[in-house]
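Colleague: Take a look at this one; I'll ask things after.
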Amino acid sequence: MDAEFGSFETEMNRGFLQVLALVVLDRKMYGYGMIKHFEAAGYTVEENTLYPLLRRLEKNGWIASEWDVSEGRPKKFYVITAAGRTVRAQALKVWAEQGKTLRKLMEVDHDVREP
Amino acid sequence: MFENLETYLQEVNQYLAVKQGGDEILAEIRSHILEKADRESGAATEESVQRIIDSYGRPRDVAEKYIEGSEIITPVYRKHLFRYTWILFAFHAALTAVALGFHMSIIMFPFFFIPRMPALAALVYLPMAWLADFGLVAFVLYIVTQRNRSLSLPWLRISRVLREARRPKAPRLAVFVMLLAILAVAVAAFLRYHTLFFYSVNLQAPEPLMNHAASIFLSLMVLAALLCQVIAYGVRFIVNSAWVTLIKNALTLLILWAIWNSPIVVRFKEVPGVDLSYYGGVLVIILISATAVKFIKDLVLVIREMSHP
């Protein structure tokens with residue numbers, strides 16, 4: 001049951017993490033910094049999940065990246081693009097609509113309410 | 001540089017089937033692991049780096065997350081892969097049967113090469129041919145997937161072919177009588193003239209179309225084929241099944257095979273400007289092709305009868 005829910009949660013998180021990344025990348029951040037930032041807000045993300053996701057967002061043109069080699073160790077920084085802002089606005093709208101639908105259905109159907 | 005980290009990255013790289021940016025991915029993972037080791041253990045050491053590596057995930061799992069959605073062959077083509085393979089293999093098998101029947105090699109560049117071989121060798125050849133066909137179709141689907149994933153491939157509806165293959169029509173007495181009459185005339189002609197192939201129509205002194213031995217052999221073959229037709233048609237009054245026509249066409253194919261492979265040399269009467277041996281060969285090929293098509297059609301009907309009795 002736990003393994004099944006793990007897979008279900010991964011599916012749910014996939015879209016959610018994309019929205020989160022687009023939200024926090026309003027300012028330039030690098031992967032490790034993002035993970036710590038999420039953790040501070042109470043959300044844990046595995047590093048081997050975040051980096052492939054950032055790569056996909058970049059491939060779509062929603063975020064841009066550059067290597068910073070000014071410090072001792074090179075770091076890859078990401079920031080949202082104009083296209084990414086448009087997508088983020090649309091995604092947040094969809095998310096709000098989905099939340100509204102879910103709340104409505106939970107009010108109608110008492111069986112699915114949290115105990 | 002930490003040896004354990006570089007070994008880990010090399011393993012990730014083995015599975016990292018991305019078109020470009022592979023080095024950058026590895027550089028980012030390296031940067032992340034070293035920074036995490038620095039921050040969480042004060043300084044990166046072999047031990048602290050190893051701890052981070054252990055928690056980062058197996059190299060294969062790490063690489064897999066980067067290549068999600070970039071399939072070798074898109075899953076929607078899975079059914080196409082097998083259907084196209086079987087269609088191609090059916091063609092391959094039919095050509096193999098022809099090559100075996102006529103003791104010849106068949107080359108259809110660039111996909112088919114069926115060597116001249118004994119029948120037993122075909123038992124080894126055909127499974128290899130299936131694998132080759134599967135590989136060819138997989139290669140084409142791979143190219144299609146990589147180039148244009150939205151392309152819609154044609155779907156050959158075998159079920160429609162099965163539906164459209166109708167049962168044999170009910171036999172008619174008039175046709176049966178006509179077939180019987182043709183057989184009777186042919187037998188009578190053969191008994192009297194020892195041939196069914198004439199060059200002239202002078203019944204008093206008919207001129208044979210070919211040498212004596214060939215004339216007798218080919219006449220007997222034609223009589224055998226006619227007899228098959230008559231018997232099969234007669235049997236259909238009792239049992240009108242695709243099995244009957246299937247067996248009849250199989251026997252006809254055997255007769256044609258015997259004609260094609262006969263060691264008897266056929267020498268046609270020389271006619272200026274006309275190569276009779278050429279036209280004779282073409283006629284046999286046409287008859288074989290037409291009978292083979294009928295045979296396959298009956299085979300479809302029989303399979304249908306067996307699967308939906």
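Ordering of the structure tokens sets the chain letters (A, B, ...), residue numbers begin anew at 1 in every chain, and ligands are numbered from 1 in the order given.
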I need the strand (DSSP E or B) residues of region 20-95 of chain A per DSSP on the backbone, written as a compact mmCIF listing (two decimals) with C-alpha atoms, in the first residue's frame.

Modeller:
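Printed below is states.txt as written:
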# COMPACT_ATOMS: atom_id res chain seq x y z
CA MET A 29 18.95 30.26 -7.66
CA TYR A 30 21.00 27.10 -8.01
CA ILE A 63 13.76 28.92 -17.34
CA ALA A 64 17.28 29.91 -18.36
CA SER A 65 20.58 28.88 -16.81
CA GLU A 66 24.17 30.02 -16.55
CA TRP A 67 27.25 28.72 -14.80
CA ASP A 68 28.77 30.94 -12.13
CA LYS A 75 27.42 26.44 -9.79
CA LYS A 76 24.62 26.40 -12.30
CA PHE A 77 22.09 29.17 -11.62
CA TYR A 78 18.55 29.20 -12.97
CA VAL A 79 16.03 31.99 -13.46
CA ILE A 80 12.53 32.15 -14.93

Colleague: Write out as a list in words each polymer residue whose atoms come within 12 Å of Ser241 (chain B), counting only C-alpha atoms; drop sequence neighbours fewer than 4 positions from it.

Modeller: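 Final neighbour list, sorted by chain and number: Arg166, Arg167, Pro168, Lys169, Ala170, Pro171, Ala232, Tyr233, Val235, Arg236, Phe237, Thr245, Leu246, Ile247, Lys248, Asp298, Leu299, Leu301, Val302, Ile303, Arg304, Glu305, Met306 and Pro309 of chain B.
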
Colleague: Where does DSSP see helix (DSSP H, G or I) in chain A, if you list the residues as a short mmCIF file (atom, residue, chain, number, x, y, z; two decimals) with N, CA and C atoms, in the first residue's frame?

Modeller:
data_model
loop_
_atom_site.label_atom_id
_atom_site.label_comp_id
_atom_site.auth_asym_id
_atom_site.auth_seq_id
_atom_site.Cartn_x
_atom_site.Cartn_y
_atom_site.Cartn_z
N ASP A 2 1.95 1.23 0.86
CA ASP A 2 2.85 2.38 0.93
C ASP A 2 3.56 2.61 -0.40
N ALA A 3 3.99 1.48 -1.02
CA ALA A 3 4.69 1.60 -2.30
C ALA A 3 3.75 2.17 -3.35
N GLU A 4 2.48 1.71 -3.33
CA GLU A 4 1.50 2.22 -4.29
C GLU A 4 1.28 3.72 -4.08
N PHE A 5 1.16 4.12 -2.79
CA PHE A 5 0.95 5.53 -2.54
C PHE A 5 2.19 6.34 -2.91
N GLY A 6 3.38 5.73 -2.72
CA GLY A 6 4.62 6.41 -3.09
C GLY A 6 4.60 6.79 -4.56
N SER A 7 4.17 5.85 -5.40
CA SER A 7 4.10 6.10 -6.83
C SER A 7 3.06 7.19 -7.14
N PHE A 8 1.92 7.11 -6.42
CA PHE A 8 0.85 8.09 -6.59
C PHE A 8 1.34 9.49 -6.20
N GLU A 9 2.05 9.54 -5.08
CA GLU A 9 2.57 10.82 -4.59
C GLU A 9 3.59 11.40 -5.57
N THR A 10 4.42 10.51 -6.14
CA THR A 10 5.41 10.97 -7.12
C THR A 10 4.71 11.63 -8.31
N GLU A 11 3.62 10.98 -8.77
CA GLU A 11 2.85 11.55 -9.89
C GLU A 11 2.30 12.92 -9.52
N MET A 12 1.76 13.01 -8.31
CA MET A 12 1.17 14.29 -7.86
C MET A 12 2.25 15.37 -7.76
N ASN A 13 3.40 14.96 -7.24
CA ASN A 13 4.47 15.94 -7.01
C ASN A 13 5.09 16.46 -8.29
N ARG A 14 5.01 15.63 -9.33
CA ARG A 14 5.67 16.01 -10.58
C ARG A 14 5.20 17.39 -11.06
N GLY A 15 3.89 17.54 -11.16
CA GLY A 15 3.35 18.83 -11.61
C GLY A 15 3.55 19.92 -10.58
N PHE A 16 3.36 19.54 -9.31
CA PHE A 16 3.47 20.53 -8.23
C PHE A 16 4.88 21.11 -8.18
N LEU A 17 5.87 20.24 -8.32
CA LEU A 17 7.26 20.70 -8.24
C LEU A 17 7.60 21.65 -9.39
N GLN A 18 7.01 21.41 -10.54
CA GLN A 18 7.25 22.33 -11.67
C GLN A 18 6.74 23.72 -11.33
N VAL A 19 5.55 23.76 -10.73
CA VAL A 19 4.98 25.06 -10.36
C VAL A 19 5.86 25.71 -9.29
N LEU A 20 6.28 24.91 -8.31
CA LEU A 20 7.13 25.47 -7.24
C LEU A 20 8.42 26.06 -7.82
N ALA A 21 9.02 25.32 -8.75
CA ALA A 21 10.28 25.79 -9.34
C ALA A 21 10.06 27.12 -10.06
N LEU A 22 8.94 27.21 -10.80
CA LEU A 22 8.66 28.45 -11.53
C LEU A 22 8.38 29.60 -10.56
N VAL A 23 7.84 29.26 -9.40
CA VAL A 23 7.54 30.30 -8.41
C VAL A 23 8.84 30.82 -7.77
N VAL A 24 9.72 29.92 -7.34
CA VAL A 24 10.92 30.38 -6.61
C VAL A 24 11.98 30.96 -7.53
N GLY A 31 20.59 24.73 -7.76
CA GLY A 31 19.86 23.54 -7.30
C GLY A 31 19.89 23.33 -5.81
N TYR A 32 21.09 23.31 -5.24
CA TYR A 32 21.20 23.04 -3.81
C TYR A 32 20.45 24.11 -3.01
N GLY A 33 20.59 25.38 -3.44
CA GLY A 33 19.90 26.49 -2.77
C GLY A 33 18.38 26.32 -2.84
N MET A 34 17.89 25.84 -3.98
CA MET A 34 16.44 25.63 -4.13
C MET A 34 15.95 24.56 -3.15
N ILE A 35 16.73 23.49 -3.06
CA ILE A 35 16.32 22.38 -2.17
C ILE A 35 16.22 22.88 -0.73
N LYS A 36 17.21 23.66 -0.33
CA LYS A 36 17.21 24.19 1.04
C LYS A 36 16.03 25.17 1.24
N HIS A 37 15.76 25.92 0.19
CA HIS A 37 14.66 26.88 0.23
C HIS A 37 13.32 26.15 0.41
N PHE A 38 13.15 25.06 -0.33
CA PHE A 38 11.93 24.25 -0.22
C PHE A 38 11.83 23.65 1.18
N GLU A 39 12.95 23.14 1.66
CA GLU A 39 12.95 22.51 2.98
C GLU A 39 12.55 23.50 4.06
N ALA A 40 13.02 24.73 3.91
CA ALA A 40 12.69 25.76 4.91
C ALA A 40 11.18 26.01 4.92
N GLU A 47 17.08 15.47 -4.63
CA GLU A 47 17.92 16.18 -5.60
C GLU A 47 17.90 15.52 -6.98
N ASN A 48 17.83 14.17 -6.97
CA ASN A 48 17.85 13.50 -8.28
C ASN A 48 16.52 13.64 -9.03
N THR A 49 15.56 14.27 -8.38
CA THR A 49 14.30 14.59 -9.06
C THR A 49 14.33 16.03 -9.56
N LEU A 50 14.91 16.91 -8.74
CA LEU A 50 14.90 18.34 -9.08
C LEU A 50 15.70 18.65 -10.35
N TYR A 51 16.92 18.09 -10.43
CA TYR A 51 17.78 18.48 -11.55
C TYR A 51 17.22 18.06 -12.93
N PRO A 52 16.74 16.83 -13.06
CA PRO A 52 16.12 16.49 -14.36
C PRO A 52 14.92 17.37 -14.69
N LEU A 53 14.16 17.75 -13.63
CA LEU A 53 12.99 18.62 -13.85
C LEU A 53 13.44 20.01 -14.34
N LEU A 54 14.50 20.53 -13.73
CA LEU A 54 15.01 21.84 -14.16
C LEU A 54 15.48 21.77 -15.62
N ARG A 55 16.06 20.64 -15.96
CA ARG A 55 16.53 20.48 -17.35
C ARG A 55 15.36 20.50 -18.32
N ARG A 56 14.25 19.84 -17.93
CA ARG A 56 13.07 19.84 -18.81
C ARG A 56 12.47 21.23 -18.93
N LEU A 57 12.42 21.96 -17.80
CA LEU A 57 11.87 23.33 -17.84
C LEU A 57 12.73 24.21 -18.74
N GLU A 58 14.02 24.00 -18.67
CA GLU A 58 14.93 24.80 -19.49
C GLU A 58 14.77 24.45 -20.97
N LYS A 59 14.59 23.16 -21.22
CA LYS A 59 14.40 22.70 -22.61
C LYS A 59 13.14 23.33 -23.20
N ALA A 82 10.45 34.96 -19.62
CA ALA A 82 9.13 35.57 -19.87
C ALA A 82 8.10 34.48 -20.19
N ALA A 83 8.54 33.50 -21.01
CA ALA A 83 7.63 32.38 -21.36
C ALA A 83 7.27 31.61 -20.10
N GLY A 84 8.24 31.45 -19.22
CA GLY A 84 8.00 30.74 -17.96
C GLY A 84 6.99 31.46 -17.09
N ARG A 85 7.05 32.80 -17.11
CA ARG A 85 6.08 33.58 -16.29
C ARG A 85 4.66 33.36 -16.81
N THR A 86 4.52 33.32 -18.13
CA THR A 86 3.20 33.09 -18.72
C THR A 86 2.68 31.71 -18.32
N VAL A 87 3.55 30.73 -18.43
CA VAL A 87 3.16 29.36 -18.07
C VAL A 87 2.81 29.29 -16.59
N ARG A 88 3.61 29.96 -15.78
CA ARG A 88 3.36 29.94 -14.33
C ARG A 88 1.97 30.52 -14.01
N ALA A 89 1.64 31.64 -14.66
CA ALA A 89 0.33 32.25 -14.42
C ALA A 89 -0.79 31.27 -14.79
N GLN A 90 -0.62 30.63 -15.94
CA GLN A 90 -1.64 29.66 -16.38
C GLN A 90 -1.72 28.49 -15.42
N ALA A 91 -0.55 28.00 -14.99
CA ALA A 91 -0.52 26.84 -14.09
C ALA A 91 -1.19 27.16 -12.76
N LEU A 92 -0.91 28.36 -12.24
CA LEU A 92 -1.51 28.75 -10.95
C LEU A 92 -3.03 28.86 -11.07
N LYS A 93 -3.47 29.33 -12.25
CA LYS A 93 -4.91 29.45 -12.48
C LYS A 93 -5.55 28.04 -12.49
N VAL A 94 -4.91 27.14 -13.21
CA VAL A 94 -5.41 25.75 -13.28
C VAL A 94 -5.44 25.15 -11.89
N TRP A 95 -4.38 25.38 -11.15
CA TRP A 95 -4.25 24.81 -9.80
C TRP A 95 -5.38 25.35 -8.90
N ALA A 96 -5.64 26.66 -9.01
CA ALA A 96 -6.71 27.26 -8.21
C ALA A 96 -8.07 26.66 -8.58
N GLU A 97 -8.28 26.48 -9.89
CA GLU A 97 -9.54 25.89 -10.35
C GLU A 97 -9.69 24.47 -9.84
N GLN A 98 -8.60 23.72 -9.90
CA GLN A 98 -8.64 22.34 -9.42
C GLN A 98 -8.97 22.28 -7.93
N GLY A 99 -8.34 23.20 -7.16
CA GLY A 99 -8.59 23.26 -5.71
C GLY A 99 -10.06 23.56 -5.43
N LYS A 100 -10.60 24.51 -6.24
CA LYS A 100 -12.00 24.90 -6.07
C LYS A 100 -12.92 23.71 -6.34
N THR A 101 -12.63 23.00 -7.44
CA THR A 101 -13.44 21.82 -7.80
C THR A 101 -13.38 20.77 -6.71
N LEU A 102 -12.16 20.54 -6.20
CA LEU A 102 -11.99 19.53 -5.17
C LEU A 102 -12.78 19.89 -3.92
N ARG A 103 -12.70 21.15 -3.52
CA ARG A 103 -13.43 21.58 -2.30
C ARG A 103 -14.93 21.42 -2.49
N LYS A 104 -15.40 21.81 -3.68
CA LYS A 104 -16.85 21.69 -3.96
C LYS A 104 -17.29 20.25 -3.85
N LEU A 105 -16.52 19.34 -4.49
CA LEU A 105 -16.89 17.92 -4.49
C LEU A 105 -16.83 17.34 -3.09
N MET A 106 -15.87 17.76 -2.30
CA MET A 106 -15.76 17.25 -0.94
C MET A 106 -16.92 17.73 -0.07
N GLU A 107 -17.44 18.91 -0.39
CA GLU A 107 -18.61 19.40 0.35
C GLU A 107 -19.85 18.58 -0.01
N VAL A 108 -19.96 18.20 -1.30
CA VAL A 108 -21.13 17.45 -1.74
C VAL A 108 -21.06 16.01 -1.27
N HIS A 110 -19.75 13.59 1.24
CA HIS A 110 -19.16 13.56 2.58
C HIS A 110 -18.25 12.36 2.79
N ASP A 111 -18.45 11.32 1.94
CA ASP A 111 -17.66 10.10 2.12
C ASP A 111 -16.18 10.33 1.92
N VAL A 112 -15.81 11.29 1.08
CA VAL A 112 -14.40 11.47 0.78
C VAL A 112 -13.73 12.51 1.68
#

Colleague: When you look at region 208-225 of chain B with a cut-off of 8 Å (counting only C-alpha atoms), what residues show up, excluding the ones that are within fewer than 2 positions of it in the same chain? I need them as an MDAnalysis selection string.

Modeller: chainID B and resid 183 186:187 190 194:200 206 227:229 251:252 255 259 264:269

Colleague: Find the residues of chain B in contact range of chain A, meaning any atom within 10 Å when counting only C-alpha atoms, and list them as a PDB file with N, CA and C atoms, in the first residue's frame.

Modeller:
ATOM      1  N   GLY B  21      24.356  17.735 -23.923  1.00  0.00           N
ATOM      2  CA  GLY B  21      24.325  18.259 -22.550  1.00  0.00           C
ATOM      3  C   GLY B  21      24.659  17.236 -21.491  1.00  0.00           C
ATOM      4  N   GLU B  24      27.268  18.454 -19.091  1.00  0.00           N
ATOM      5  CA  GLU B  24      26.754  19.500 -18.205  1.00  0.00           C
ATOM      6  C   GLU B  24      25.945  18.889 -17.056  1.00  0.00           C
ATOM      7  N   ILE B  25      25.202  17.844 -17.392  1.00  0.00           N
ATOM      8  CA  ILE B  25      24.428  17.141 -16.351  1.00  0.00           C
ATOM      9  C   ILE B  25      25.382  16.579 -15.296  1.00  0.00           C
ATOM     10  N   ALA B  27      28.401  17.547 -14.650  1.00  0.00           N
ATOM     11  CA  ALA B  27      29.058  18.656 -13.928  1.00  0.00           C
ATOM     12  C   ALA B  27      28.140  19.186 -12.830  1.00  0.00           C
ATOM     13  N   GLU B  28      26.840  19.246 -13.123  1.00  0.00           N
ATOM     14  CA  GLU B  28      25.892  19.767 -12.136  1.00  0.00           C
ATOM     15  C   GLU B  28      25.749  18.806 -10.946  1.00  0.00           C
ATOM     16  N   ILE B  29      25.710  17.488 -11.263  1.00  0.00           N
ATOM     17  CA  ILE B  29      25.622  16.500 -10.171  1.00  0.00           C
ATOM     18  C   ILE B  29      26.893  16.578  -9.306  1.00  0.00           C
ATOM     19  N   ARG B  30      28.040  16.702  -9.987  1.00  0.00           N
ATOM     20  CA  ARG B  30      29.309  16.801  -9.250  1.00  0.00           C
ATOM     21  C   ARG B  30      29.286  18.014  -8.328  1.00  0.00           C
ATOM     22  N   SER B  31      28.863  19.136  -8.889  1.00  0.00           N
ATOM     23  CA  SER B  31      28.826  20.387  -8.120  1.00  0.00           C
ATOM     24  C   SER B  31      27.906  20.240  -6.909  1.00  0.00           C
ATOM     25  N   HIS B  32      26.752  19.611  -7.144  1.00  0.00           N
ATOM     26  CA  HIS B  32      25.777  19.459  -6.062  1.00  0.00           C
ATOM     27  C   HIS B  32      26.339  18.579  -4.938  1.00  0.00           C
ATOM     28  N   ILE B  33      26.898  17.449  -5.303  1.00  0.00           N
ATOM     29  CA  ILE B  33      27.388  16.498  -4.287  1.00  0.00           C
ATOM     30  C   ILE B  33      28.519  17.131  -3.467  1.00  0.00           C
ATOM     31  N   LEU B  34      29.424  17.834  -4.156  1.00  0.00           N
ATOM     32  CA  LEU B  34      30.544  18.456  -3.433  1.00  0.00           C
ATOM     33  C   LEU B  34      30.051  19.570  -2.507  1.00  0.00           C
ATOM     34  N   GLU B  35      29.100  20.357  -2.994  1.00  0.00           N
ATOM     35  CA  GLU B  35      28.590  21.450  -2.156  1.00  0.00           C
ATOM     36  C   GLU B  35      27.873  20.893  -0.922  1.00  0.00           C
ATOM     37  N   LYS B  36      27.068  19.832  -1.165  1.00  0.00           N
ATOM     38  CA  LYS B  36      26.320  19.240  -0.054  1.00  0.00           C
ATOM     39  C   LYS B  36      27.298  18.650   0.979  1.00  0.00           C
ATOM     40  N   SER B  55      23.078   8.481  -0.929  1.00  0.00           N
ATOM     41  CA  SER B  55      21.706   8.979  -0.801  1.00  0.00           C
ATOM     42  C   SER B  55      21.192   9.554  -2.132  1.00  0.00           C
ATOM     43  N   TYR B  56      22.109   9.834  -3.061  1.00  0.00           N
ATOM     44  CA  TYR B  56      21.694  10.454  -4.345  1.00  0.00           C
ATOM     45  C   TYR B  56      20.927   9.452  -5.219  1.00  0.00           C
ATOM     46  N   GLY B  57      21.252   8.187  -5.115  1.00  0.00           N
ATOM     47  CA  GLY B  57      20.512   7.171  -5.882  1.00  0.00           C
ATOM     48  C   GLY B  57      21.422   6.346  -6.776  1.00  0.00           C
ATOM     49  N   ARG B  58      20.893   5.196  -7.214  1.00  0.00           N
ATOM     50  CA  ARG B  58      21.674   4.327  -8.104  1.00  0.00           C
ATOM     51  C   ARG B  58      21.914   5.042  -9.432  1.00  0.00           C
ATOM     52  N   ASP B  61      19.122   4.739 -11.925  1.00  0.00           N
ATOM     53  CA  ASP B  61      17.897   5.488 -11.586  1.00  0.00           C
ATOM     54  C   ASP B  61      18.072   6.975 -11.851  1.00  0.00           C
ATOM     55  N   VAL B  62      19.277   7.468 -11.528  1.00  0.00           N
ATOM     56  CA  VAL B  62      19.556   8.899 -11.738  1.00  0.00           C
ATOM     57  C   VAL B  62      19.457   9.228 -13.233  1.00  0.00           C
ATOM     58  N   ALA B  63      20.120   8.398 -14.044  1.00  0.00           N
ATOM     59  CA  ALA B  63      20.120   8.655 -15.497  1.00  0.00           C
ATOM     60  C   ALA B  63      18.709   8.532 -16.061  1.00  0.00           C
ATOM     61  N   GLU B  64      17.950   7.574 -15.548  1.00  0.00           N
ATOM     62  CA  GLU B  64      16.600   7.304 -16.061  1.00  0.00           C
ATOM     63  C   GLU B  64      15.718   8.543 -15.955  1.00  0.00           C
ATOM     64  N   LYS B  65      15.910   9.318 -14.891  1.00  0.00           N
ATOM     65  CA  LYS B  65      15.050  10.496 -14.708  1.00  0.00           C
ATOM     66  C   LYS B  65      15.326  11.581 -15.746  1.00  0.00           C
ATOM     67  N   TYR B  66      16.526  11.561 -16.298  1.00  0.00           N
ATOM     68  CA  TYR B  66      16.846  12.559 -17.334  1.00  0.00           C
ATOM     69  C   TYR B  66      16.294  12.165 -18.709  1.00  0.00           C
ATOM     70  N   ILE B  67      16.090  10.863 -18.884  1.00  0.00           N
ATOM     71  CA  ILE B  67      15.673  10.434 -20.234  1.00  0.00           C
ATOM     72  C   ILE B  67      14.201  10.022 -20.275  1.00  0.00           C
ATOM     73  N   GLU B  68      13.458  10.345 -19.231  1.00  0.00           N
ATOM     74  CA  GLU B  68      12.020  10.062 -19.228  1.00  0.00           C
ATOM     75  C   GLU B  68      11.358  10.748 -20.420  1.00  0.00           C
TER      76      GLU B  68
END

Colleague: Could you make a table, as JSON lines, of the residues of region 50-93 of chain B that have an atom within 9 Å of an atom of region 131-148 of chain B, each with its nearest atom pair and distance in Å to one decimal, counting only C-alpha atoms, in chain and number order?

Modeller:
{"residue": "B:Ser70", "atom": "CA", "partner": "B:Gln146", "partner_atom": "CA", "distance": 8.6}
{"residue": "B:Glu71", "atom": "CA", "partner": "B:Thr145", "partner_atom": "CA", "distance": 8.0}
{"residue": "B:Ile72", "atom": "CA", "partner": "B:Tyr142", "partner_atom": "CA", "distance": 5.9}
{"residue": "B:Ile73", "atom": "CA", "partner": "B:Tyr142", "partner_atom": "CA", "distance": 5.1}
{"residue": "B:Thr74", "atom": "CA", "partner": "B:Thr145", "partner_atom": "CA", "distance": 6.0}
{"residue": "B:Tyr77", "atom": "CA", "partner": "B:Leu141", "partner_atom": "CA", "distance": 7.4}
{"residue": "B:His80", "atom": "CA", "partner": "B:Leu141", "partner_atom": "CA", "distance": 8.7}
{"residue": "B:Leu81", "atom": "CA", "partner": "B:Val137", "partner_atom": "CA", "distance": 6.3}
{"residue": "B:Phe82", "atom": "CA", "partner": "B:Phe134", "partner_atom": "CA", "distance": 7.5}
{"residue": "B:Tyr84", "atom": "CA", "partner": "B:Val137", "partner_atom": "CA", "distance": 6.7}
{"residue": "B:Thr85", "atom": "CA", "partner": "B:Phe134", "partner_atom": "CA", "distance": 5.2}
{"residue": "B:Trp86", "atom": "CA", "partner": "B:Asp133", "partner_atom": "CA", "distance": 8.2}
{"residue": "B:Leu88", "atom": "CA", "partner": "B:Asp133", "partner_atom": "CA", "distance": 6.4}
{"residue": "B:Phe89", "atom": "CA", "partner": "B:Asp133", "partner_atom": "CA", "distance": 6.3}
{"residue": "B:His92", "atom": "CA", "partner": "B:Asp133", "partner_atom": "CA", "distance": 8.5}

Colleague: In Å, rounded to a single decimal, give me how far CA of Gly72 (chain A) is from CA of Val49 (chain B).

Modeller: 17.4 Å

Colleague: To one decimal in Å, tell me the separation between CA of Phe111 (chain B) and CA of Leu95 (chain B).

Modeller: 12.1 Å

Colleague: Expressed in Å to a single decimal, how great is the separation between CA of Arg51 (chain B) and CA of Ala37 (chain B)?

Modeller: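 About the pair CA of Arg51 (chain B) and CA of Ala37 (chain B): they are 8.3 Å apart.
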